[in-house]
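Q: Quick one: this structure, given as structure tokens, is what I'll be asking you about.
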Amino acid sequence: MLIRTLAAATILSLGLGALAAVPASAVVPSDPHVRESAYSYADVPASPKKAKKNTKTLVIMAYAKKKDSTTPALLKKVYFDQVDRWMRWQSAGRQGEKGTVTKWLKVSSSTRCTDQEQYMTRAIAAAKSAGYKPGKYQRIALYFPLCKQLFWAGLGTMGRAGDHDMRLWINGTPEPAVIAHESLHNYGLIHSAAIDCGKLSLPKKTSGCSVSEYGDLFDVMGFAGVEMSASAKLEVGWLSKKQSATIRKGSKTFTVVANDSSSTKLKVVRVDLGRGSYLDVEYRTGVGSKDPIDRDGVLVRVVRPHSDFDHYARTLVDVQPNNESTYSSLPAGQSWTSPGKARVSVISTDAGKAVVSVTMKAPAAGVPAIPAPPAVSAAPPENRNLPASGVAWLPSVSGNGMPVLEYDLQLVNAAGVVTTTTVDALGGALLSAGVGDLDYGSYQVRYRARNEIGTGAYSPLSVPLVVAEPLPVVAFVNVENQTVVAPFTWAQAVATVSPSAAGYEISRVYFTFIGPNGPIGTCEAINTSVSIYQFQCSSDYDASYLEPGNYLLKVDVLDSFSHAGTRTVAFTVAEP
Ligand SMILES: [Zn+2]
């Protein structure tokens with residue numbers, strides 16, 4: 001939401017000189033920073049230890065009727081410890097924040113909190129009366145108790161780092177994110193926006209798209225709390241010359257280091273679109289949450305001169321527009337093509353760097369290619385009481401210039417029945433597709449891919465995937481095809497039983513002795529050695545002698561998930 005509360009004329013009357021033509025803007029106090037970040041202001045890296053340049057700020061704490069509970073000590077900690085540390089970290093030691101916080105100063109009770117100009121003028125006068133020297137500071141920040149009629153948390157004039165007469169207002173919200181955001185307005189940054197074009201990432205004609213002024217989820221000038229894009233760092237002069245590279249024609253491969261790393265290597269590739277416009281390409285590492293936007297990937301922003309502000313407007317592009325509300329990065333293996341046919345392809349990513357190739361005047365993007373048959377395996381059942389519950393497969397298909405958004409996965413059973421499941425690409429990682437609980441049997445799998453241009457053709461069918469029932473395995477220790485010597489009791493026959501799968505337990509084992517004239521009897525065998533699942537009839541059956549002759553011994557086994565195994569072997573009891 002854009003709130004331009006200070007009109008140019010208002011600023012002029014404050015005497016801000018050359019900066020006056022530039023309106024300021026505000027953040028929304030209710031929830032200006034919606035996303036969690038990998039860092040908080042309390043634990044951003046404390047390096048570099050010193051800044052080359054510090055902006056000197058006088059924070060005036062003023063009230064017209066009643067103070068709030070914020071103390072000078074708290075504001076000092078937030079601005080000159082937390083925000084200072086954050087600035088040093090983001091600027092790689094180029095910018096720091098130093099200054100003074102006044103004690104609470106009373107201004108006339110007639111001061112209207114909705115009139116920032118009046119409040120500021122009176123606060124500066126009160127500070128002078130109290131012995132402070134506002135003229136010695138580059139920035140005056142006014143902190144005042146929450147004014148509920150205002151719907152911003154902070155306000156800052158637009159300028160450039162090093163300018164004097166920067167002004168900043170904090171509406172009862174002593175949060176580092178608010179102060180950092182407004183301070184960056186002072187340094188010349190406007191908001192970091194995002195563009196939403198529904199099912200398309202960035203069409204040639206953007207008349208149907210909506211732009212959210214604060215929409216960039218990865219920048220403190222948008223909706224991020226702590227992160228700052230490399231694109232914004234470049235604009236404010238916080239990257240060195242070798243940390244950005246520009247491509248104007250041909251094709252080139254770049255290695256881009258992660259934006260939040262302390263590396264001094266390349267962080268932004270600028271794709272020159274002409275007329276002062278660029279695509280800014282940077283590598284952002286995920287922060288480990290389950291949110292799909294937090295995967296490792298390459299962010300693409302359109303940067304163009306902003307007519308109102310004479311500054312650049314940064315607008316994040318949703319390169320995977322399959323999700324209505326989520327702005328995505330471009331994962332390894334995927335490409336994105338701009339309306340002007342500049343193609344950004346992510347060759348690889350790891351935690352430290354991304355290899356990105358950019359091709360100008362690339363061929364037009366098309367529907368995804370026809371994939372090779374997938375390599376498939378039955379996923380282990382989550383509930384061991386059920387048969388295999390899904391198919392694991394590794395998709396590999398060219399998106400033909402646009403990222404793959406979805407796959408259609410088809411499962412064809414032995415009877416030819418086809419089940420189709422649509423799977424979100426989520427970057428094309430190893431996927432386990434739920435296709436219902438698979439019955440035991442044989443299946444073939446094929447898939448096709450979809451990008452924002454359309455749907456490609458199906459791959460050929462995979463080799464058959466056999467989902468076999470896991471059965472316990474029985475082996476005999478001392479009777480199989482052997483001759484034993486009488487006297488031989490039931491309890492002397494021993495069998496070992498192997499569970500059908502790891503983690504399954506053998507629950508019941510029965511021995512059935514069958515003589516020349518049919519079954520003689522059955523015992524439930526007992527486990528005599530847990531570690532190797534060795535079973536025999538209990539000693540109660542020692543009295544059950546087998547007369548000399550030819551016998552069959554049948555063993556029936558049930559495991560804890562009712563998988564049944566059975567085996568029958570012959571043996572002979574010989575005269576002693
Ligand atoms: Zn703002």
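Order determines the names: the first chain of the structure tokens is A, the second B, and so forth; residues in each chain are numbered 1 upward, and ligands are numbered 1 upward as they are shown.
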Using only C-alpha atoms, determine which residues lie at most 10 Å from A:Pro371, disregarding the query and same-chain residues fewer than 3 positions distant; provide the list as a compact mmCIF listing (two decimals) with N, CA and C atoms, in the first residue's frame.

A:
```
# COMPACT_ATOMS: atom_id res chain seq x y z
N PRO A 368 7.03 -27.04 -22.81
CA PRO A 368 8.14 -27.91 -22.41
C PRO A 368 8.37 -29.05 -23.41
N PRO A 374 10.29 -41.73 -17.28
CA PRO A 374 10.84 -41.46 -15.95
C PRO A 374 11.43 -42.72 -15.30
N PRO A 395 11.77 -36.04 -12.20
CA PRO A 395 11.49 -35.45 -13.51
C PRO A 395 12.71 -34.74 -14.07
N SER A 396 12.86 -34.79 -15.36
CA SER A 396 13.95 -34.10 -16.01
C SER A 396 13.48 -33.71 -17.40
N VAL A 397 13.17 -32.44 -17.55
CA VAL A 397 12.64 -32.00 -18.83
C VAL A 397 12.97 -30.53 -19.02
N SER A 398 13.29 -30.17 -20.23
CA SER A 398 13.56 -28.76 -20.52
C SER A 398 12.25 -27.98 -20.56
N ARG A 446 4.17 -42.41 -16.85
CA ARG A 446 4.68 -41.42 -17.81
C ARG A 446 4.28 -40.04 -17.31
N TYR A 447 4.90 -39.02 -17.83
CA TYR A 447 4.55 -37.67 -17.37
C TYR A 447 4.77 -36.66 -18.48
N ARG A 448 4.16 -35.49 -18.25
CA ARG A 448 4.38 -34.36 -19.15
C ARG A 448 4.51 -33.11 -18.30
N ALA A 449 5.07 -32.07 -18.88
CA ALA A 449 5.34 -30.84 -18.12
C ALA A 449 4.55 -29.68 -18.70
N GLY A 456 3.40 -29.63 -22.62
CA GLY A 456 4.13 -30.47 -23.57
C GLY A 456 3.49 -31.85 -23.69
N ALA A 457 4.08 -32.68 -24.53
CA ALA A 457 3.53 -34.02 -24.76
C ALA A 457 4.04 -34.99 -23.69
N TYR A 458 3.31 -36.11 -23.52
CA TYR A 458 3.71 -37.12 -22.55
C TYR A 458 4.99 -37.84 -22.98
N SER A 459 5.76 -38.25 -21.99
CA SER A 459 6.92 -39.10 -22.22
C SER A 459 6.42 -40.49 -22.60
N PRO A 460 7.29 -41.34 -23.19
CA PRO A 460 6.93 -42.76 -23.30
C PRO A 460 6.75 -43.34 -21.90
```

Q: A:Lys341: which residues within 9 Å, counting only C-alpha atoms, same-chain residues fewer than 2 positions away excluded, as a PyMOL selection string?

A: chain A and resi 337-339+343+359-365

Q: Got a sec: who's within 8 Å of A:Gly333, counting only C-alpha atoms, leaving out chain neighbours fewer than 2 positions off, as a ChimeraX atom specification?

A: /A:331,335,345-348

Q: Residues near A:Leu202, anyone? I mean within 9 Å using only C-alpha atoms, not counting same-chain ones fewer than 6 positions away, as an mmCIF file with N, CA and C atoms, in the first residue's frame.

A:
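Output file out-v8.cif is given in full below:
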```cif
data_model
loop_
_atom_site.group_PDB
_atom_site.id
_atom_site.type_symbol
_atom_site.label_atom_id
_atom_site.label_comp_id
_atom_site.auth_asym_id
_atom_site.auth_seq_id
_atom_site.Cartn_x
_atom_site.Cartn_y
_atom_site.Cartn_z
ATOM 1 N N ILE A 195 5.315 -7.337 -9.243
ATOM 2 C CA ILE A 195 4.261 -7.302 -10.263
ATOM 3 C C ILE A 195 3.599 -8.675 -10.342
ATOM 4 N N ASP A 196 2.271 -8.651 -10.387
ATOM 5 C CA ASP A 196 1.493 -9.887 -10.427
ATOM 6 C C ASP A 196 0.665 -9.881 -11.702
ATOM 7 N N CYS A 209 -1.777 -6.439 -15.427
ATOM 8 C CA CYS A 209 -1.043 -6.833 -14.215
ATOM 9 C C CYS A 209 -1.312 -5.834 -13.094
ATOM 10 N N VAL A 317 9.758 -9.926 -10.249
ATOM 11 C CA VAL A 317 8.932 -10.697 -11.183
ATOM 12 C C VAL A 317 8.689 -12.082 -10.583
ATOM 13 N N ASP A 318 7.442 -12.535 -10.642
ATOM 14 C CA ASP A 318 7.135 -13.899 -10.195
ATOM 15 C C ASP A 318 7.429 -14.841 -11.362
ATOM 16 N N VAL A 319 8.603 -15.462 -11.340
ATOM 17 C CA VAL A 319 8.999 -16.272 -12.489
ATOM 18 C C VAL A 319 8.284 -17.617 -12.520
ATOM 19 N N SER A 338 12.425 -13.103 -20.907
ATOM 20 C CA SER A 338 11.708 -11.828 -20.769
ATOM 21 C C SER A 338 10.900 -11.558 -22.031
ATOM 22 N N PRO A 339 9.955 -10.628 -21.981
ATOM 23 C CA PRO A 339 9.190 -10.294 -23.188
ATOM 24 C C PRO A 339 10.100 -9.853 -24.336
#
```

Q: For A:Glu480, which of A:Thr315, A:Thr420, A:Thr572, A:Asn186 is the closest residue, counting only C-alpha atoms?

A: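 The answer is A:Thr572, which sits nearest to A:Glu480.
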